[in-house]
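**Student:** Just input13.csv, nothing more (CSV, C-alpha atoms):
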chain,number,residue,atom,x,y,z
A,22,MET,CA,-149.2,-25.0,29.3
A,23,PRO,CA,-146.9,-22.9,27.0
A,24,LEU,CA,-144.7,-20.2,28.4
A,25,LEU,CA,-145.9,-16.6,28.1
A,26,LEU,CA,-143.6,-14.3,26.1
A,27,SER,CA,-142.7,-12.5,29.4
A,28,ASP,CA,-141.7,-15.9,30.9
A,29,GLN,CA,-139.6,-16.8,27.9
A,30,LEU,CA,-137.4,-13.8,28.4
A,31,PHE,CA,-135.8,-15.4,31.5
A,32,ALA,CA,-136.6,-19.0,30.9
A,33,PRO,CA,-133.7,-21.6,31.1
A,34,GLN,CA,-131.9,-21.5,27.8
A,35,GLY,CA,-131.3,-24.5,25.5
A,36,THR,CA,-128.2,-26.3,24.6
A,37,SER,CA,-127.4,-24.6,21.3
A,38,CYS,CA,-125.7,-21.3,20.6
A,39,HIS,CA,-128.2,-18.7,19.3
A,40,GLY,CA,-125.5,-17.4,16.9
A,41,CYS,CA,-123.8,-20.4,15.3
A,42,GLU,CA,-126.1,-23.2,16.7
A,43,ARG,CA,-123.2,-25.3,18.1
A,44,LEU,CA,-123.7,-27.0,21.4
A,45,LEU,CA,-123.0,-24.8,24.4
A,46,LEU,CA,-120.5,-25.6,27.0
A,47,PRO,CA,-121.7,-25.7,30.7
A,48,SER,CA,-120.0,-22.4,31.2
A,49,GLU,CA,-121.8,-20.7,28.3
A,50,SER,CA,-125.3,-19.3,28.1
A,51,LEU,CA,-127.3,-18.3,25.0
A,52,LEU,CA,-124.1,-17.6,23.0
A,53,CYS,CA,-120.9,-19.5,22.7
A,54,HIS,CA,-117.6,-17.9,23.5
A,55,ASN,CA,-116.8,-17.1,19.8
A,56,CYS,CA,-120.2,-15.5,19.2
A,57,GLN,CA,-119.9,-13.5,22.5
A,58,THR,CA,-116.6,-12.2,21.2
A,59,ASP,CA,-118.2,-11.3,17.9
A,60,LEU,CA,-121.0,-9.5,19.8
A,61,PHE,CA,-118.4,-7.6,21.9
A,62,ARG,CA,-116.7,-6.4,18.7
A,63,SER,CA,-119.9,-4.6,17.7
A,64,ARG,CA,-120.0,-2.5,20.9
A,65,ILE,CA,-120.1,1.2,20.3
A,66,PRO,CA,-117.3,3.0,22.1
A,67,ARG,CA,-118.7,4.9,25.0
A,68,PRO,CA,-118.0,8.4,23.7
A,69,GLU,CA,-119.8,7.6,20.4
A,70,ARG,CA,-122.9,6.0,22.0
A,71,ILE,CA,-125.0,9.1,22.1
A,72,VAL,CA,-126.6,11.1,19.2
A,73,ARG,CA,-129.2,13.8,19.6
A,74,LEU,CA,-132.6,13.9,18.0
A,75,ASP,CA,-135.3,16.6,17.5
A,76,ASP,CA,-133.1,19.7,17.4
A,77,ASP,CA,-130.7,18.3,20.0
A,78,ARG,CA,-133.5,18.0,22.6
A,79,VAL,CA,-133.7,14.2,22.8
A,80,PRO,CA,-130.5,12.2,23.5
A,81,ALA,CA,-130.4,8.6,22.1
A,82,PHE,CA,-128.0,6.0,23.4
A,83,SER,CA,-127.3,2.7,21.7
A,84,ALA,CA,-125.2,-0.3,22.8
A,85,TYR,CA,-124.1,-1.8,19.5
A,86,TRP,CA,-123.5,-1.0,15.9
A,87,TYR,CA,-126.1,-2.7,13.7
A,88,GLU,CA,-123.6,-5.3,12.4
A,89,GLY,CA,-122.3,-8.8,13.0
A,90,MET,CA,-123.7,-10.8,15.9
A,91,ALA,CA,-125.7,-7.8,17.3
A,92,ARG,CA,-127.6,-7.5,14.0
A,93,GLN,CA,-128.1,-11.2,13.8
A,94,MET,CA,-129.6,-11.3,17.3
A,95,VAL,CA,-131.9,-8.4,16.6
A,96,LEU,CA,-133.1,-10.0,13.4
A,97,GLY,CA,-133.6,-13.3,15.2
A,98,LEU,CA,-135.8,-11.5,17.9
A,99,LYS,CA,-137.7,-9.5,15.3
A,100,TYR,CA,-138.4,-12.1,12.6
A,101,ARG,CA,-137.5,-15.6,13.9
A,102,HIS,CA,-139.3,-15.6,17.3
A,103,ASP,CA,-136.0,-15.8,19.2
A,104,VAL,CA,-137.6,-14.4,22.3
A,105,PRO,CA,-134.8,-15.4,24.8
A,106,ALA,CA,-132.4,-13.2,22.8
A,107,ALA,CA,-134.3,-10.2,24.3
A,108,ALA,CA,-132.9,-10.9,27.7
A,109,LEU,CA,-129.3,-10.5,26.6
A,110,LEU,CA,-130.1,-7.5,24.4
A,111,SER,CA,-132.1,-5.9,27.3
A,112,GLY,CA,-129.0,-6.3,29.5
A,113,ALA,CA,-127.0,-4.3,27.0
A,114,ILE,CA,-129.5,-1.5,27.2
A,115,CYS,CA,-129.3,-1.7,31.0
A,116,THR,CA,-125.5,-1.2,30.8
A,117,VAL,CA,-125.8,1.8,28.6
A,118,PHE,CA,-128.5,3.4,30.9
A,119,GLN,CA,-126.3,2.8,34.0
A,120,GLU,CA,-123.4,4.5,32.3
A,121,THR,CA,-125.5,7.6,31.5
A,122,ARG,CA,-126.5,7.9,35.1
A,123,PRO,CA,-129.5,10.2,34.4
A,124,GLU,CA,-131.0,11.9,37.5
A,125,GLY,CA,-134.6,11.8,38.6
A,126,ARG,CA,-137.4,9.3,38.4
A,127,TRP,CA,-138.1,7.6,35.0
A,128,LEU,CA,-141.0,5.7,33.4
A,129,ALA,CA,-140.2,3.4,30.5
A,130,THR,CA,-142.3,2.7,27.4
A,131,ALA,CA,-141.6,1.0,24.0
A,132,VAL,CA,-142.1,2.2,20.5
A,133,PRO,CA,-145.5,0.6,19.7
A,134,ALA,CA,-146.2,-1.7,16.8
A,135,HIS,CA,-149.3,-1.3,14.7
A,136,PRO,CA,-152.1,-4.0,15.4
A,137,ILE,CA,-151.5,-5.4,11.9
A,138,ARG,CA,-147.9,-5.9,12.6
A,139,LEU,CA,-148.7,-7.5,16.0
A,140,LEU,CA,-151.0,-10.0,14.2
A,141,GLU,CA,-148.2,-10.8,11.7
A,142,ARG,CA,-145.4,-11.2,14.3
A,143,GLY,CA,-147.3,-12.2,17.4
A,144,TYR,CA,-145.5,-9.7,19.6
A,145,ASN,CA,-143.7,-6.3,19.6
A,146,GLN,CA,-140.0,-6.8,19.9
A,147,ALA,CA,-139.4,-3.3,21.4
A,148,GLN,CA,-141.9,-4.1,24.2
A,149,LEU,CA,-140.0,-7.4,25.0
A,150,LEU,CA,-136.8,-5.4,25.2
A,151,ALA,CA,-138.6,-2.8,27.5
A,152,MET,CA,-140.0,-5.6,29.7
A,153,GLY,CA,-136.5,-7.1,30.2
A,154,PHE,CA,-134.9,-3.8,30.8
A,155,CYS,CA,-137.5,-2.7,33.4
A,156,ARG,CA,-137.3,-6.1,35.2
A,157,MET,CA,-133.6,-5.8,35.5
A,158,MET,CA,-133.5,-2.1,36.4
A,159,ASP,CA,-136.7,-2.1,38.6
A,160,ILE,CA,-138.1,0.8,36.6
A,161,PRO,CA,-141.9,1.0,36.0
A,162,LEU,CA,-143.1,0.1,32.5
A,163,GLU,CA,-146.2,1.6,30.8
A,164,ALA,CA,-146.2,-0.3,27.6
A,165,ASP,CA,-149.3,1.4,26.1
A,166,LEU,CA,-148.2,5.0,26.7
A,167,LEU,CA,-148.2,5.4,22.9
A,168,ARG,CA,-150.2,3.7,20.1
A,169,ARG,CA,-149.5,3.5,16.5
A,170,ILE,CA,-152.4,4.8,14.5
A,171,ARG,CA,-151.1,4.4,11.0
A,172,PHE,CA,-149.7,1.3,9.3
A,173,GLU,CA,-146.6,1.7,7.1
A,174,ASP,CA,-144.8,-0.9,5.1
A,175,SER,CA,-141.1,-1.6,5.8
A,176,GLN,CA,-138.9,1.5,5.8
A,177,VAL,CA,-135.8,-0.4,4.7
A,178,HIS,CA,-135.6,1.2,1.2
A,179,ARG,CA,-136.6,4.7,2.2
A,180,ASP,CA,-134.1,7.6,2.6
A,181,ARG,CA,-134.1,9.9,5.7
A,182,LYS,CA,-136.6,12.4,4.3
A,183,GLN,CA,-139.0,9.7,3.2
A,184,ARG,CA,-138.8,8.0,6.6
A,185,TYR,CA,-139.5,11.3,8.5
A,186,ARG,CA,-142.4,12.0,6.2
A,187,ALA,CA,-143.9,8.6,6.7
A,188,MET,CA,-143.8,8.9,10.5
A,189,GLN,CA,-145.7,12.2,10.6
A,190,GLY,CA,-148.9,11.5,12.4
A,191,ALA,CA,-148.1,7.8,12.9
A,192,PHE,CA,-148.3,7.8,16.7
A,193,ALA,CA,-150.6,9.1,19.4
A,194,SER,CA,-150.2,9.5,23.1
A,195,THR,CA,-152.8,7.6,25.2
A,196,ARG,CA,-152.9,9.9,28.3
A,197,PRO,CA,-151.7,13.3,29.6
A,198,LEU,CA,-148.3,13.3,31.1
A,199,HIS,CA,-147.4,15.6,34.0
A,200,GLY,CA,-143.7,16.1,33.6
A,201,GLU,CA,-142.8,12.4,33.9
A,202,ASN,CA,-139.4,11.6,32.5
A,203,ILE,CA,-139.7,9.0,29.8
A,204,LEU,CA,-137.3,6.2,28.6
A,205,LEU,CA,-138.3,5.3,25.0
A,206,ILE,CA,-137.0,1.9,24.1
A,207,ASP,CA,-136.6,0.4,20.6
A,208,ASP,CA,-134.5,-2.2,18.8
A,209,VAL,CA,-132.6,-0.2,16.1
A,210,LEU,CA,-132.0,3.5,15.5
A,211,THR,CA,-131.5,4.0,11.8
A,212,THR,CA,-132.5,7.6,10.8
A,213,GLY,CA,-134.2,8.5,14.1
A,214,ALA,CA,-137.5,9.1,12.3
A,215,THR,CA,-139.6,6.7,14.4
A,216,VAL,CA,-138.3,7.6,17.8
A,217,THR,CA,-138.4,11.3,16.9
A,218,ALA,CA,-142.1,11.1,16.0
A,219,CYS,CA,-142.8,9.2,19.3
A,220,ALA,CA,-140.8,11.8,21.3
A,221,ARG,CA,-142.8,14.7,19.8
A,222,GLU,CA,-146.1,13.0,20.8
A,223,LEU,CA,-144.8,12.4,24.3
A,224,ARG,CA,-143.8,16.0,24.6
A,225,LYS,CA,-147.2,17.2,23.3
A,226,SER,CA,-148.7,15.3,26.2
A,227,GLY,CA,-146.6,17.0,28.8
A,228,ALA,CA,-143.5,14.7,29.2
A,229,GLY,CA,-140.5,16.0,31.0
A,230,GLU,CA,-137.1,14.7,29.9
A,231,ILE,CA,-137.1,12.1,27.2
A,232,LEU,CA,-134.3,9.6,26.6
A,233,VAL,CA,-134.1,7.0,23.9
A,234,LEU,CA,-132.4,3.7,24.4
A,235,THR,CA,-131.9,1.2,21.6
A,236,VAL,CA,-129.9,-2.0,21.2
A,237,CYS,CA,-128.3,-1.0,17.9
A,238,ARG,CA,-127.6,2.1,15.8
A,239,ALA,CA,-126.9,2.1,12.1
A,240,GLU,CA,-123.3,3.0,11.5
A,241,LYS,CA,-124.1,5.8,9.0
A,242,TRP,CA,-125.7,8.7,11.0
Just dump the structure as structure tokens.
**Tutor:**
Amino acid sequence: MPLLLSDQLFAPQGTSCHGCERLLLPSESLLCHNCQTDLFRSRIPRPERIVRLDDDRVPAFSAYWYEGMARQMVLGLKYRHDVPAAALLSGAICTVFQETRPEGRWLATAVPAHPIRLLERGYNQAQLLAMGFCRMMDIPLEADLLRRIRFEDSQVHRDRKQRYRAMQGAFASTRPLHGENILLIDDVLTTGATVTACARELRKSGAGEILVLTVCRAEKW
């Protein structure tokens, strides 16, 4: 019986490095020492990890710049079905969350994928990251708190204004919120258009504090 995606997150890892594909030493896991070092170089310095969205009301924290090994692993998770990479990347999000030390009780959710995208990819990489994060942090996950109601092609070649325009009305909340504090998890923060649209829907539904956590952030902000 094949492993479920949730099981693959923490399944025993293979013998090849997910970065350079060389054989791993017994002391190495997922990445070899050189690729681990490359990943470490992409870490965002602690004072620079936060940006603010939606008129400064929503803080967004990211672990890595979107470059080097961090970028390679996100792309592997997103496009090459490298599901085990989500465990390592989720751990980076956990570290950032622990450093922020936000007060209160939190509920986590992921930026949703449109059903068409789910059919193409087979899973939502943001949800896998949220699953790993919640398992490690023992925080409840409500994966379907938001749904994507409009399909958009890739935003790669759009500028900031075009991305914000494309995200208007793209999401809907699935239930009323009663002051719950929400952790919104995604893979990459580029212009902030997607998570800002999600945060606005959550706020309309009655969310309390909203905090965004992503693996990577585009260097130009």
**Student:** Which one of A:Gly97, A:Pro123, A:Pro47, A:Gly112 sits closest to Pro80 in chain A if you count all atoms listed in the file?
**Tutor:**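 Closest to Pro80 in chain A of all the choices is A:Pro123.
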**Student:** Which is closest to Ile206 in chain A among A:Phe192, A:Met157, A:Phe172, A:Leu149, if we use all atoms listed in the file?
**Tutor:**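 Nearest to Ile206 in chain A: A:Leu149.
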**Student:** So that I can check the surroundings of Thr116 in chain A, please list as a list in words every protein, DNA and RNA residue that reaches within 9 Å of it, counting all atoms listed in the file and ignoring chain neighbours fewer than 5 positions away.
**Tutor:** Ala84, Ser111 and Thr121 of chain A
**Student:** Please determine the residues with any atom at most 7 Å from (-134.0, 0.9, 16.2) (coordinates as given in the file, with all atoms listed in the file counting) and report them as a PyMOL selection string.
**Tutor:** chain A and resi 207-211+235+237-238
**Student:** Neighbourhood query: residues within 7 Å of (-123.1, -12.0, 18.5), file coordinates, counting only C-alpha atoms; return as a list of chain:residue names.
**Tutor:**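 Answer for this query, in the requested form: A:Gly40, A:Cys56, A:Gln57, A:Asp59, A:Leu60, A:Gly89, A:Met90, A:Ala91, A:Gln93, A:Met94.
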**Student:** Find the distance between CA of Leu205 in chain A and CA of Arg78 in chain A and write it in Å to one decimal.
**Tutor:**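 Between CA of Leu205 in chain A and CA of Arg78 in chain A the gap is 13.8 Å.
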**Student:** Residues of range 38-155 of chain A within 12 Å of range 186-191 of chain A: nearest atom pair and distance (Å, one decimal) for each, counting all atoms listed in the file, sorted by chain and number, as a Markdown table?
**Tutor:**
| residue | atom | partner | partner_atom | distance |
| --- | --- | --- | --- | --- |
| A:Val132 | CA | A:Ala191 | CA | 11.2 |
| A:Pro133 | CA | A:Ala191 | CA | 10.2 |
| A:Ala134 | CA | A:Ala191 | CA | 10.4 |
| A:His135 | CA | A:Ala191 | CA | 9.4 |
**Student:** CA of Tyr87 in chain A and CA of Glu230 in chain A, how far apart in Å?
**Tutor:**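 Separation of CA of Glu230 in chain A and CA of Tyr87 in chain A: 26.2 Å.
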**Student:** Quick one, how far is CA of Glu69 in chain A from CA of Thr215 in chain A?
**Tutor:**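 Separation between CA of Glu69 in chain A and CA of Thr215 in chain A: 20.7 Å.
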**Student:** What's the 12 Å shell around Pro66 in chain A, counting all atoms listed in the file, without same-chain residues fewer than 5 positions away, as a list of chain:residue names?
**Tutor:**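 Once the nearby chain positions are removed, what remains is A:Phe61, A:Ile71, A:Phe82, A:Ser83, A:Ala84, A:Tyr85, A:Trp86, A:Val117, A:Glu120.
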**Student:** Restricting the calculation to all atoms listed in the file: of A:Val95, A:Leu234, A:Leu167, A:Ala218, which residue gets closest to Phe154 in chain A?
**Tutor:** A:Leu234
**Student:** For a quick check of understanding, using all atoms listed in the file, which of A:Gln146, A:Leu98, A:Asp75, A:Arg179 has the smallest distance to Glu222 in chain A?
**Tutor:** A:Asp75
**Student:** Could you tell me which of A:Ile137, A:Leu128, A:Val72, A:Cys155 comes closest to Leu198 in chain A if we count all atoms listed in the file?
**Tutor:** A:Leu128
**Student:** Give me, as a list in words, all polymer residues having an atom no more than 12 Å from Glu49 in chain A, counting all atoms listed in the file and skipping those fewer than 2 positions away in the same chain.
**Tutor:**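 These residues fall inside the cut-off: Gln34, Gly35, Thr36, Ser37, Cys38, His39, Arg43, Leu44, Leu45, Leu46, Pro47, Leu51, Leu52, Cys53, His54, Asn55, Cys56 and Gln57 of chain A.
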**Student:** Hey, what's within 12 Å of Ile160 in chain A if we count all atoms listed in the file and toss same-chain stuff fewer than 2 positions away? As a PyMOL selection string, please?
**Tutor:** chain A and resi 115+118+125-130+151-158+162-163+202-204
**Student:** Looking at A:Gln119, A:Pro197, A:Arg70, A:Gly213, which one is nearest to Asp180 in chain A, with distances taken over all atoms listed in the file?
**Tutor:** A:Gly213
